[in-house]
$ cat upload-v7.txt   # compact mmCIF, C-alpha atoms
# COMPACT_ATOMS: atom_id res chain seq x y z
CA MET W 1 11.95 16.13 8.85
CA LYS W 2 11.70 13.98 5.73
CA ARG W 3 14.26 15.76 3.55
CA ILE W 4 14.62 12.95 1.05
CA ILE W 5 11.67 11.50 -0.83
CA THR W 6 12.09 8.18 -2.63
CA ILE W 7 9.40 7.30 -5.15
CA SER W 8 8.86 3.73 -6.29
CA ARG W 9 6.12 3.32 -8.84
CA GLU W 10 4.25 1.15 -11.26
CA LEU W 11 4.81 2.03 -14.93
CA GLY W 12 2.01 4.32 -16.11
CA SER W 13 1.00 5.43 -12.61
CA GLY W 14 2.46 8.93 -13.04
CA GLY W 15 5.17 8.46 -10.40
CA ARG W 16 7.61 10.63 -12.35
CA THR W 17 5.07 13.42 -12.84
CA ILE W 18 4.23 13.34 -9.14
CA GLY W 19 7.95 13.32 -8.23
CA LYS W 20 8.55 16.40 -10.40
CA LEU W 21 5.56 18.20 -8.87
CA VAL W 22 6.92 17.51 -5.39
CA ALA W 23 10.44 18.67 -6.33
CA ASN W 24 9.08 21.87 -7.92
CA ARG W 25 6.83 22.71 -4.98
CA ARG W 26 9.60 22.17 -2.47
CA GLY W 27 12.30 23.71 -4.67
CA ILE W 28 14.58 20.69 -4.36
CA PRO W 29 16.44 18.59 -6.96
CA TYR W 30 14.71 15.73 -8.77
CA TYR W 31 16.84 12.69 -9.64
CA ASP W 32 15.64 10.16 -12.18
CA ARG W 33 17.48 9.90 -15.50
CA GLU W 34 20.35 11.84 -13.91
CA LEU W 35 21.10 8.65 -11.98
CA ILE W 36 21.86 6.87 -15.24
CA ASP W 37 24.48 9.41 -16.32
CA GLU W 38 26.04 9.63 -12.89
CA ALA W 39 26.13 5.86 -12.47
CA ALA W 40 27.74 5.62 -15.91
CA LYS W 41 30.48 8.05 -14.86
CA VAL W 42 31.11 6.24 -11.58
CA SER W 43 31.16 2.78 -13.16
CA GLY W 44 32.96 3.62 -16.39
CA LEU W 45 30.12 2.00 -18.37
CA SER W 46 28.33 3.90 -21.14
CA PRO W 47 25.11 5.74 -20.25
CA ARG W 48 23.35 3.75 -22.96
CA TYR W 49 24.50 0.45 -21.48
CA VAL W 50 23.42 1.54 -18.00
CA GLU W 51 20.02 2.64 -19.27
CA THR W 52 19.38 -0.60 -21.16
CA ASN W 53 20.54 -2.88 -18.36
CA GLU W 54 19.78 -1.15 -15.09
CA GLN W 55 16.62 -3.19 -14.58
CA LYS W 56 17.88 -6.39 -16.04
CA ALA W 57 19.68 -7.67 -12.96
CA THR W 58 18.24 -11.02 -12.07
CA GLY W 59 20.31 -12.19 -9.13
CA SER W 60 22.71 -10.97 -6.55
CA PHE W 61 24.43 -14.24 -5.76
CA LEU W 62 27.73 -13.11 -7.22
CA TYR W 63 27.26 -9.64 -5.77
CA ASN W 64 27.00 -11.10 -2.31
CA LEU W 65 29.80 -13.55 -2.95
CA VAL W 66 32.17 -10.73 -3.82
CA MET W 67 30.90 -8.56 -0.97
CA GLY W 68 30.95 -11.43 1.49
CA THR W 69 28.03 -9.72 3.22
CA SER W 70 24.28 -9.44 3.10
CA TYR W 71 22.47 -7.72 0.26
CA GLY W 72 23.44 -4.26 -0.82
CA TYR W 73 24.93 -2.94 2.38
CA GLY W 74 27.97 -0.73 2.02
CA ILE W 75 29.33 0.70 -1.17
CA LEU W 76 31.77 -1.06 -3.43
CA GLN W 77 34.72 0.99 -4.54
CA GLY W 78 36.98 0.86 -7.63
CA ALA W 79 38.77 -2.44 -8.11
CA ASN W 80 36.34 -4.49 -6.01
CA ARG W 81 33.40 -3.31 -8.06
CA GLN W 82 35.06 -4.26 -11.33
CA THR W 83 35.15 -7.92 -10.34
CA LEU W 84 31.32 -7.97 -10.41
CA PRO W 85 29.08 -8.87 -13.35
CA LEU W 86 28.05 -5.73 -15.23
CA THR W 87 24.48 -5.55 -13.94
CA GLU W 88 25.78 -5.73 -10.38
CA GLN W 89 28.33 -3.01 -11.22
CA ILE W 90 25.45 -0.79 -12.31
CA TYR W 91 23.62 -1.38 -9.02
CA ALA W 92 26.74 -0.67 -6.97
CA ALA W 93 27.35 2.56 -8.92
CA GLN W 94 23.75 3.70 -8.46
CA GLN W 95 24.00 2.88 -4.77
CA GLU W 96 27.05 5.14 -4.50
CA VAL W 97 25.39 7.98 -6.42
CA ILE W 98 22.12 7.77 -4.45
CA THR W 99 23.96 7.81 -1.13
CA LYS W 100 25.98 10.85 -2.28
CA TYR W 101 22.82 12.73 -3.34
CA ALA W 102 21.04 11.89 -0.08
CA ASN W 103 24.02 13.14 1.92
CA SER W 104 24.10 16.40 -0.04
CA GLY W 105 20.65 17.74 0.87
CA SER W 106 16.91 17.50 0.25
CA CYS W 107 15.86 15.77 -2.97
CA VAL W 108 13.38 13.52 -4.76
CA ILE W 109 14.78 10.21 -6.05
CA VAL W 110 12.70 8.07 -8.43
CA GLY W 111 13.20 4.31 -8.66
CA ARG W 112 16.49 2.39 -8.44
CA CYS W 113 15.73 0.73 -5.07
CA ALA W 114 16.49 4.07 -3.37
CA ASP W 115 14.04 3.22 -0.57
CA HIS W 116 16.16 0.17 0.24
CA ILE W 117 19.55 1.81 -0.31
CA LEU W 118 18.62 4.57 2.17
CA LYS W 119 16.72 2.39 4.63
CA GLY W 120 17.29 2.97 8.31
CA ARG W 121 17.66 6.75 7.79
CA ASN W 122 14.90 8.71 9.48
CA ASP W 123 15.09 11.65 7.08
CA VAL W 124 13.69 9.56 4.21
CA LEU W 125 10.01 9.32 3.18
CA ARG W 126 9.46 6.12 1.19
CA VAL W 127 6.55 6.51 -1.25
CA PHE W 128 4.96 3.96 -3.59
CA ILE W 129 2.68 5.16 -6.41
CA TYR W 130 0.25 2.77 -8.11
CA ALA W 131 -2.97 2.79 -10.12
CA ASP W 132 -5.51 0.47 -11.67
CA ILE W 133 -4.50 -1.12 -14.95
CA GLU W 134 -7.01 0.94 -16.95
CA LYS W 135 -5.58 4.23 -15.65
CA ARG W 136 -2.04 3.03 -16.30
CA LEU W 137 -2.94 2.10 -19.88
CA GLU W 138 -4.58 5.49 -20.41
CA HIS W 139 -1.52 7.32 -19.05
CA SER W 140 0.91 5.26 -21.17
CA VAL W 141 -1.07 5.72 -24.38
CA LYS W 142 -1.28 9.48 -23.75
CA THR W 143 2.28 10.06 -22.54
CA TYR W 144 4.27 7.73 -24.77
CA GLY W 145 1.94 7.68 -27.77
CA MET W 146 1.86 3.87 -27.89
CA SER W 147 -1.10 1.64 -28.77
CA LYS W 148 -3.15 0.15 -25.94
CA ASP W 149 -1.89 -3.36 -26.74
CA THR W 150 1.74 -2.25 -26.70
CA ALA W 151 1.11 -0.32 -23.48
CA ARG W 152 -0.33 -3.45 -21.85
CA GLU W 153 2.70 -5.51 -22.86
CA GLU W 154 5.10 -2.83 -21.61
CA ILE W 155 3.28 -2.58 -18.29
CA GLU W 156 3.25 -6.33 -17.73
CA GLN W 157 6.92 -6.62 -18.65
CA SER W 158 7.85 -3.66 -16.46
CA ASP W 159 5.99 -5.11 -13.43
CA ARG W 160 7.87 -8.38 -13.86
CA GLU W 161 11.26 -6.70 -14.31
CA ARG W 162 10.87 -4.27 -11.44
CA ALA W 163 9.76 -7.04 -9.11
CA ARG W 164 12.67 -9.27 -10.16
CA HIS W 165 15.26 -6.49 -9.96
CA TYR W 166 14.05 -5.25 -6.58
CA SER W 167 13.96 -8.66 -4.97
CA ALA W 168 17.34 -9.63 -6.44
CA PHE W 169 19.10 -6.71 -4.79
CA THR W 170 17.06 -6.15 -1.66
CA ASP W 171 15.82 -9.63 -0.72
CA ARG W 172 12.40 -8.01 -0.28
CA LYS W 173 9.25 -7.94 -2.38
CA TRP W 174 8.64 -4.97 -4.69
CA GLY W 175 5.39 -3.29 -3.77
CA ASP W 176 5.16 -4.97 -0.33
CA ARG W 177 3.54 -2.27 1.82
CA HIS W 178 5.92 -2.84 4.73
CA ASN W 179 8.80 -1.41 2.65
CA TYR W 180 7.07 1.97 2.31
CA ASP W 181 5.72 4.75 4.55
CA ILE W 182 2.84 5.61 2.25
CA MET W 183 1.26 4.10 -0.86
CA LEU W 184 -0.91 6.27 -3.08
CA ASN W 185 -3.40 5.25 -5.76
CA SER W 186 -2.75 8.06 -8.22
CA GLY W 187 -5.61 6.94 -10.47
CA GLU W 188 -8.10 7.64 -7.68
CA LEU W 189 -6.44 10.54 -5.87
CA GLY W 190 -5.04 12.41 -8.88
CA TYR W 191 -1.42 13.46 -9.39
CA ASP W 192 -1.81 16.89 -7.79
CA GLN W 193 -3.34 15.51 -4.65
CA CYS W 194 -0.62 12.84 -4.38
CA ALA W 195 2.03 15.57 -4.62
CA LYS W 196 0.20 17.67 -2.03
CA ILE W 197 0.03 14.77 0.44
CA ILE W 198 3.74 13.97 0.00
CA CYS W 199 4.71 17.63 0.48
CA SER W 200 2.58 17.94 3.60
CA ILE W 201 4.35 14.96 5.18
CA ALA W 202 7.79 16.17 4.09
CA GLU W 203 7.14 19.53 5.73
CA THR W 204 6.03 18.05 9.05
CA ASP W 205 8.44 17.66 11.93
CA MET W 206 7.96 14.05 12.94
CA MET F 1 -16.26 14.58 -2.11
CA LYS F 2 -15.28 11.49 -0.13
CA ARG F 3 -18.07 11.44 2.44
CA ILE F 4 -17.53 7.87 3.54
CA ILE F 5 -14.20 6.63 4.81
CA THR F 6 -13.63 2.88 5.05
CA ILE F 7 -10.67 1.78 7.14
CA SER F 8 -9.14 -1.66 6.73
CA ARG F 9 -6.24 -2.36 9.05
CA GLU F 10 -3.74 -4.77 10.44
CA LEU F 11 -4.31 -5.67 14.12
CA GLY F 12 -2.13 -3.43 16.29
CA SER F 13 -1.66 -0.74 13.63
CA GLY F 14 -3.94 1.75 15.38
CA GLY F 15 -6.58 1.73 12.64
CA ARG F 16 -9.40 2.18 15.16
CA THR F 17 -7.66 5.07 16.91
CA ILE F 18 -7.04 6.75 13.55
CA GLY F 19 -10.66 6.13 12.51
CA LYS F 20 -11.91 7.77 15.71
CA LEU F 21 -9.60 10.75 15.24
CA VAL F 22 -10.95 11.23 11.71
CA ALA F 23 -14.59 10.93 12.84
CA ASN F 24 -14.01 13.42 15.69
CA ARG F 25 -12.25 15.96 13.48
CA ARG F 26 -14.92 15.78 10.82
CA GLY F 27 -17.79 15.52 13.32
CA ILE F 28 -19.21 12.41 11.66
CA PRO F 29 -20.30 9.00 13.04
CA TYR F 30 -17.77 6.24 13.61
CA TYR F 31 -18.98 2.66 13.03
CA ASP F 32 -17.02 -0.28 14.36
CA ARG F 33 -18.53 -2.35 17.18
CA GLU F 34 -21.88 -0.76 16.36
CA LEU F 35 -21.88 -2.94 13.25
CA ILE F 36 -21.96 -6.04 15.44
CA ASP F 37 -25.08 -4.95 17.31
CA GLU F 38 -26.85 -3.75 14.18
CA ALA F 39 -25.97 -6.90 12.24
CA ALA F 40 -27.26 -8.94 15.18
CA LYS F 41 -30.59 -7.10 15.07
CA VAL F 42 -30.91 -7.51 11.31
CA SER F 43 -29.98 -11.19 11.31
CA GLY F 44 -31.74 -12.25 14.51
CA LEU F 45 -28.48 -13.74 15.79
CA SER F 46 -27.08 -12.76 19.18
CA PRO F 47 -24.51 -9.94 19.33
CA ARG F 48 -22.13 -12.33 21.08
CA TYR F 49 -22.48 -14.90 18.29
CA VAL F 50 -21.91 -12.24 15.64
CA GLU F 51 -18.85 -10.92 17.47
CA THR F 52 -17.28 -14.34 17.87
CA ASN F 53 -17.96 -15.49 14.34
CA GLU F 54 -17.86 -12.43 12.13
CA GLN F 55 -14.31 -13.14 10.97
CA LYS F 56 -14.62 -16.88 10.92
CA ALA F 57 -16.19 -17.21 7.50
CA THR F 58 -13.97 -19.35 5.37
CA GLY F 59 -15.85 -19.74 2.12
CA SER F 60 -18.62 -18.24 0.11
CA PHE F 61 -19.48 -21.24 -2.01
CA LEU F 62 -22.88 -21.70 -0.42
CA TYR F 63 -23.42 -17.97 -0.28
CA ASN F 64 -23.00 -17.75 -4.03
CA LEU F 65 -25.02 -20.86 -4.60
CA VAL F 66 -27.99 -19.39 -2.77
CA MET F 67 -27.50 -15.99 -4.38
CA GLY F 68 -26.97 -17.45 -7.83
CA THR F 69 -24.68 -14.49 -8.52
CA SER F 70 -21.13 -13.37 -8.11
CA TYR F 71 -19.64 -12.60 -4.70
CA GLY F 72 -21.42 -10.29 -2.33
CA TYR F 73 -23.40 -8.20 -4.79
CA GLY F 74 -26.90 -7.23 -3.77
CA ILE F 75 -28.41 -7.60 -0.33
CA LEU F 76 -30.16 -10.69 0.90
CA GLN F 77 -33.47 -10.13 2.59
CA GLY F 78 -35.41 -12.13 5.20
CA ALA F 79 -36.23 -15.67 4.21
CA ASN F 80 -33.50 -15.96 1.57
CA ARG F 81 -30.87 -15.00 4.06
CA GLN F 82 -31.99 -17.60 6.55
CA THR F 83 -31.17 -20.42 4.16
CA LEU F 84 -27.48 -19.47 4.39
CA PRO F 85 -24.92 -20.88 6.82
CA LEU F 86 -24.63 -18.64 9.88
CA THR F 87 -21.30 -17.02 8.98
CA GLU F 88 -22.72 -16.05 5.60
CA GLN F 89 -25.83 -14.69 7.35
CA ILE F 90 -23.57 -12.45 9.40
CA TYR F 91 -21.86 -11.14 6.27
CA ALA F 92 -25.18 -10.51 4.52
CA ALA F 93 -26.49 -8.64 7.59
CA GLN F 94 -23.34 -6.50 7.85
CA GLN F 95 -23.60 -5.78 4.14
CA GLU F 96 -27.14 -4.50 4.66
CA VAL F 97 -26.17 -2.36 7.66
CA ILE F 98 -23.07 -0.88 5.98
CA THR F 99 -25.05 0.04 2.87
CA LYS F 100 -27.71 1.68 5.06
CA TYR F 101 -25.11 3.73 6.97
CA ALA F 102 -23.38 4.80 3.75
CA ASN F 103 -26.70 5.93 2.29
CA SER F 104 -27.51 7.94 5.42
CA GLY F 105 -24.59 10.40 5.34
CA SER F 106 -20.89 10.93 6.01
CA CYS F 107 -19.23 8.35 8.27
CA VAL F 108 -16.14 6.30 9.12
CA ILE F 109 -16.55 2.52 8.86
CA VAL F 110 -13.86 0.22 10.26
CA GLY F 111 -13.32 -3.30 8.87
CA ARG F 112 -16.03 -5.74 7.69
CA CYS F 113 -15.04 -5.60 3.99
CA ALA F 114 -16.74 -2.18 3.78
CA ASP F 115 -14.33 -1.12 1.01
CA HIS F 116 -15.64 -4.02 -1.09
CA ILE F 117 -19.29 -3.71 -0.10
CA LEU F 118 -19.26 -0.04 -1.16
CA LYS F 119 -17.01 -0.41 -4.19
CA GLY F 120 -17.92 1.47 -7.33
CA ARG F 121 -19.22 4.46 -5.35
CA ASN F 122 -17.19 7.59 -5.91
CA ASP F 123 -18.00 9.11 -2.51
CA VAL F 124 -15.94 6.48 -0.69
CA LEU F 125 -12.28 6.80 0.35
CA ARG F 126 -10.79 3.35 0.87
CA VAL F 127 -7.96 3.44 3.42
CA PHE F 128 -5.63 0.67 4.60
CA ILE F 129 -3.56 1.15 7.78
CA TYR F 130 -0.50 -0.99 8.48
CA ALA F 131 2.71 -0.95 10.49
CA ASP F 132 5.87 -2.95 11.10
CA ILE F 133 5.49 -5.95 13.37
CA GLU F 134 7.50 -4.34 16.18
CA LYS F 135 5.19 -1.31 16.29
CA ARG F 136 2.12 -3.56 16.17
CA LEU F 137 3.43 -5.59 19.09
CA GLU F 138 4.17 -2.43 21.07
CA HIS F 139 0.66 -1.08 20.41
CA SER F 140 -1.03 -4.38 21.34
CA VAL F 141 0.95 -4.80 24.57
CA LYS F 142 0.14 -1.20 25.57
CA THR F 143 -3.52 -1.14 24.49
CA TYR F 144 -4.70 -4.62 25.44
CA GLY F 145 -2.25 -5.29 28.31
CA MET F 146 -1.18 -8.64 26.83
CA SER F 147 2.31 -10.16 26.87
CA LYS F 148 4.52 -9.75 23.81
CA ASP F 149 4.28 -13.47 23.00
CA THR F 150 0.48 -13.44 23.22
CA ALA F 151 0.38 -10.27 21.12
CA ARG F 152 2.51 -11.94 18.44
CA GLU F 153 0.17 -14.96 18.33
CA GLU F 154 -2.91 -12.74 18.17
CA ILE F 155 -1.43 -10.65 15.36
CA GLU F 156 -0.44 -13.69 13.30
CA GLN F 157 -3.84 -15.28 13.79
CA SER F 158 -5.65 -12.04 12.98
CA ASP F 159 -3.65 -11.58 9.75
CA ARG F 160 -4.57 -15.10 8.67
CA GLU F 161 -8.26 -14.72 9.60
CA ARG F 162 -8.69 -11.30 8.00
CA ALA F 163 -7.03 -12.47 4.80
CA ARG F 164 -9.19 -15.63 4.66
CA HIS F 165 -12.42 -13.81 5.49
CA TYR F 166 -11.78 -11.00 2.98
CA SER F 167 -10.88 -13.30 0.12
CA ALA F 168 -13.81 -15.63 0.88
CA PHE F 169 -16.37 -12.87 0.48
CA THR F 170 -14.74 -10.53 -2.02
CA ASP F 171 -12.68 -12.85 -4.24
CA ARG F 172 -9.85 -10.37 -3.79
CA LYS F 173 -6.70 -10.34 -1.66
CA TRP F 174 -6.76 -8.57 1.70
CA GLY F 175 -4.10 -5.84 1.74
CA ASP F 176 -3.65 -5.84 -2.06
CA ARG F 177 -2.94 -2.17 -2.81
CA HIS F 178 -5.24 -2.08 -5.81
CA ASN F 179 -8.26 -2.45 -3.50
CA TYR F 180 -7.46 0.81 -1.70
CA ASP F 181 -7.02 4.51 -2.51
CA ILE F 182 -4.34 5.08 0.09
CA MET F 183 -2.25 2.88 2.38
CA LEU F 184 -0.60 4.44 5.42
CA ASN F 185 2.22 3.10 7.58
CA SER F 186 1.01 4.36 10.95
CA GLY F 187 4.18 3.21 12.69
CA GLU F 188 6.24 5.63 10.59
CA LEU F 189 3.78 8.46 10.04
CA GLY F 190 2.11 8.47 13.47
CA TYR F 191 -1.64 8.23 14.17
CA ASP F 192 -2.24 11.99 14.13
CA GLN F 193 -0.59 12.48 10.79
CA CYS F 194 -2.52 9.55 9.29
CA ALA F 195 -5.78 11.13 10.48
CA LYS F 196 -4.71 14.52 9.10
CA ILE F 197 -3.93 13.05 5.67
CA ILE F 198 -7.28 11.19 5.53
CA CYS F 199 -9.20 14.33 6.55
CA SER F 200 -7.41 16.45 3.96
CA ILE F 201 -8.43 14.03 1.19
CA ALA F 202 -11.99 13.75 2.50
CA GLU F 203 -12.33 17.53 2.43
CA THR F 204 -11.09 17.87 -1.15
CA ASP F 205 -13.46 18.11 -4.06
CA MET F 206 -12.13 15.51 -6.43
$ encode --input "upload-v7.txt" --output "structure tokens"
Amino acid sequence: MKRIITISRELGSGGRTIGKLVANRRGIPYYDRELIDEAAKVSGLSPRYVETNEQKATGSFLYNLVMGTSYGYGILQGANRQTLPLTEQIYAAQQEVITKYANSGSCVIVGRCADHILKGRNDVLRVFIYADIEKRLEHSVKTYGMSKDTAREEIEQSDRERARHYSAFTDRKWGDRHNYDIMLNSGELGYDQCAKIICSIAETDM
Amino acid sequence: MKRIITISRELGSGGRTIGKLVANRRGIPYYDRELIDEAAKVSGLSPRYVETNEQKATGSFLYNLVMGTSYGYGILQGANRQTLPLTEQIYAAQQEVITKYANSGSCVIVGRCADHILKGRNDVLRVFIYADIEKRLEHSVKTYGMSKDTAREEIEQSDRERARHYSAFTDRKWGDRHNYDIMLNSGELGYDQCAKIICSIAETDM
């Protein structure tokens, strides 16, 4: 059974809304911003610093150098972690928190390379949510109250940052279908239907 | 309602099997090899020629030149079509046949850029089926009785040909998520579950 659902998503595609719908329907915890606070506690960095910098990581060369291993495997503890650049410390802390949550029971985890951090586990359903640019603009204008031009800039910047961050820590391409079990076009299917599909898979014994 | 289901797929991902399961469950026609025979009739070319060359098209420059329009819009009739190179004649004939099938009622159509040919219609569900290379090899060895090495060559060649053919006629990238409503990893979800998900969407009033 797919107890843990990781949701990667394009900004403005409603991935968070869909994640919350899934968590509510299944009566399981939803982790999104909670990961910022928890990672802050684990790393000793401020929640604000974590929030501002969690997607800024642009390379994992030093991370790997300190680890002496391939990308992102294993969890760095205490002193070792503090020798890393701050953005890598954030990733390592989030990795620890995500692994702890996944080991504690069923849940929905949004973003933060959770699909990669938990890869190889067969109790994880890896979902990617996307939509056409027009639908993403519409959602962003409505949800965040920004102008269409600002929304477009935010979306373009977010796509670049997520792609860079994901590939820096996972050595894989963000949005590459082979990293996910299912990819849903929320603009065409609707948020409710996306949540329904995810729940139906999560409830199936595979 | 999504009456028409187009299935694009990676070789060895079980897209045909899933398409047949969907057609059987919904009691609707399944079009795959039938498109070869119909396109042969429409174009006057031999079925064998169509089959061998339908994925060989590598450019639509002449196609557009003759059409005087953007890629693949509209259907070429009779004399006009015969001024095209043969691979473009095949595409034009398949375009005509696919449009005819879609206008005749509910159906499943596998391959042949059907998602693009029918784009803009809101009664079409555009599906892409994929799987990890190991699962694709396993499926190809089992289904076609080929060696693993031959299967790997066939898969790599098919990926290249499908990508080239799709982009030549649609000006879009084969496998780009934004061209599809849903993308399913059949190696992880299983063929039955993929079919179940597709049917559940097709049955929903959206």
$ interface_residues --input "upload-v7.txt" --of "chain W" --to "chain F" --cutoff "9 Å" --atoms "only C-alpha atoms" --output "list in words"
Tyr130, Ala131, Asp132, Gly175, Asp176, Arg177, His178, Tyr180, Asp181, Ile182, Met183, Leu184, Asn185, Ser186, Gly187, Glu188, Leu189, Gly190, Gln193, Ile197, Ser200, Ile201, Thr204 and Met206 of chain W
$ residues_around --input "upload-v7.txt" --residues "Cys199 (chain F)" --least-positions-apart "4" --cutoff "12 Å" --atoms "only C-alpha atoms" --output "list of chain:residue names"
W:Ile197, F:Met1, F:Lys2, F:Arg3, F:Ile4, F:Ile5, F:Ile18, F:Gly19, F:Lys20, F:Leu21, F:Val22, F:Ala23, F:Asn24, F:Arg25, F:Arg26, F:Gly27, F:Ile28, F:Cys107, F:Val108, F:Leu125, F:Val127, F:Asp192, F:Gln193, F:Cys194, F:Ala195, F:Glu203, F:Thr204
$ atom_distance --input "upload-v7.txt" --atom1 "CA of Asp37 (chain F)" --atom2 "CA of Arg121 (chain F)"
25.2 Å
$ residues_around --input "upload-v7.txt" --residues "region 53-57 of chain F" --least-positions-apart "4" --cutoff "7 Å" --atoms "only C-alpha atoms" --output "NGL selection string"
:F and (49 or 87-88 or 90 or 161-162 or 165)
$ atom_distance --input "upload-v7.txt" --atom1 "CA of Thr143 (chain W)" --atom2 "CA of Gly120 (chain F)"
26.7 Å
$ atom_distance --input "upload-v7.txt" --atom1 "CA of Lys100 (chain F)" --atom2 "CA of Ala168 (chain F)"
22.6 Å
$ residues_around --input "upload-v7.txt" --residues "Arg152 (chain F)" --least-positions-apart "6" --cutoff "9 Å" --atoms "all atoms listed in the file" --output "count of residues only"
4
$ residues_near_point --input "upload-v7.txt" --point "(-13.8, -4.0, 3.7)" --cutoff "8 Å" --atoms "only C-alpha atoms" --output "list of chain:residue names"
F:Thr6, F:Ile7, F:Ser8, F:Val110, F:Gly111, F:Arg112, F:Cys113, F:Ala114, F:Asp115, F:His116, F:Ile117, F:Tyr166
$ residues_near_point --input "upload-v7.txt" --point "(8.3, 1.5, -19.3)" --cutoff "10 Å" --atoms "only C-alpha atoms" --output "number ranges by chain"
W: 10-12, 140, 144, 151, 153-159
$ closest_residue --input "upload-v7.txt" --among "W:Glu138, W:Asp149, W:Asp171, W:Asp123" --to "Ala202 (chain W)" --atoms "all atoms listed in the file"
W:Asp123
$ residues_around --input "upload-v7.txt" --residues "Ser43 (chain W)" --least-positions-apart "3" --cutoff "7 Å" --atoms "all atoms listed in the file" --output "PyMOL selection string"
chain W and resi 39-40+89-90+93
$ closest_residue --input "upload-v7.txt" --among "W:Ile109, W:Leu86, W:Val124, W:Ala92" --to "Glu34 (chain W)" --atoms "only C-alpha atoms"
W:Ile109
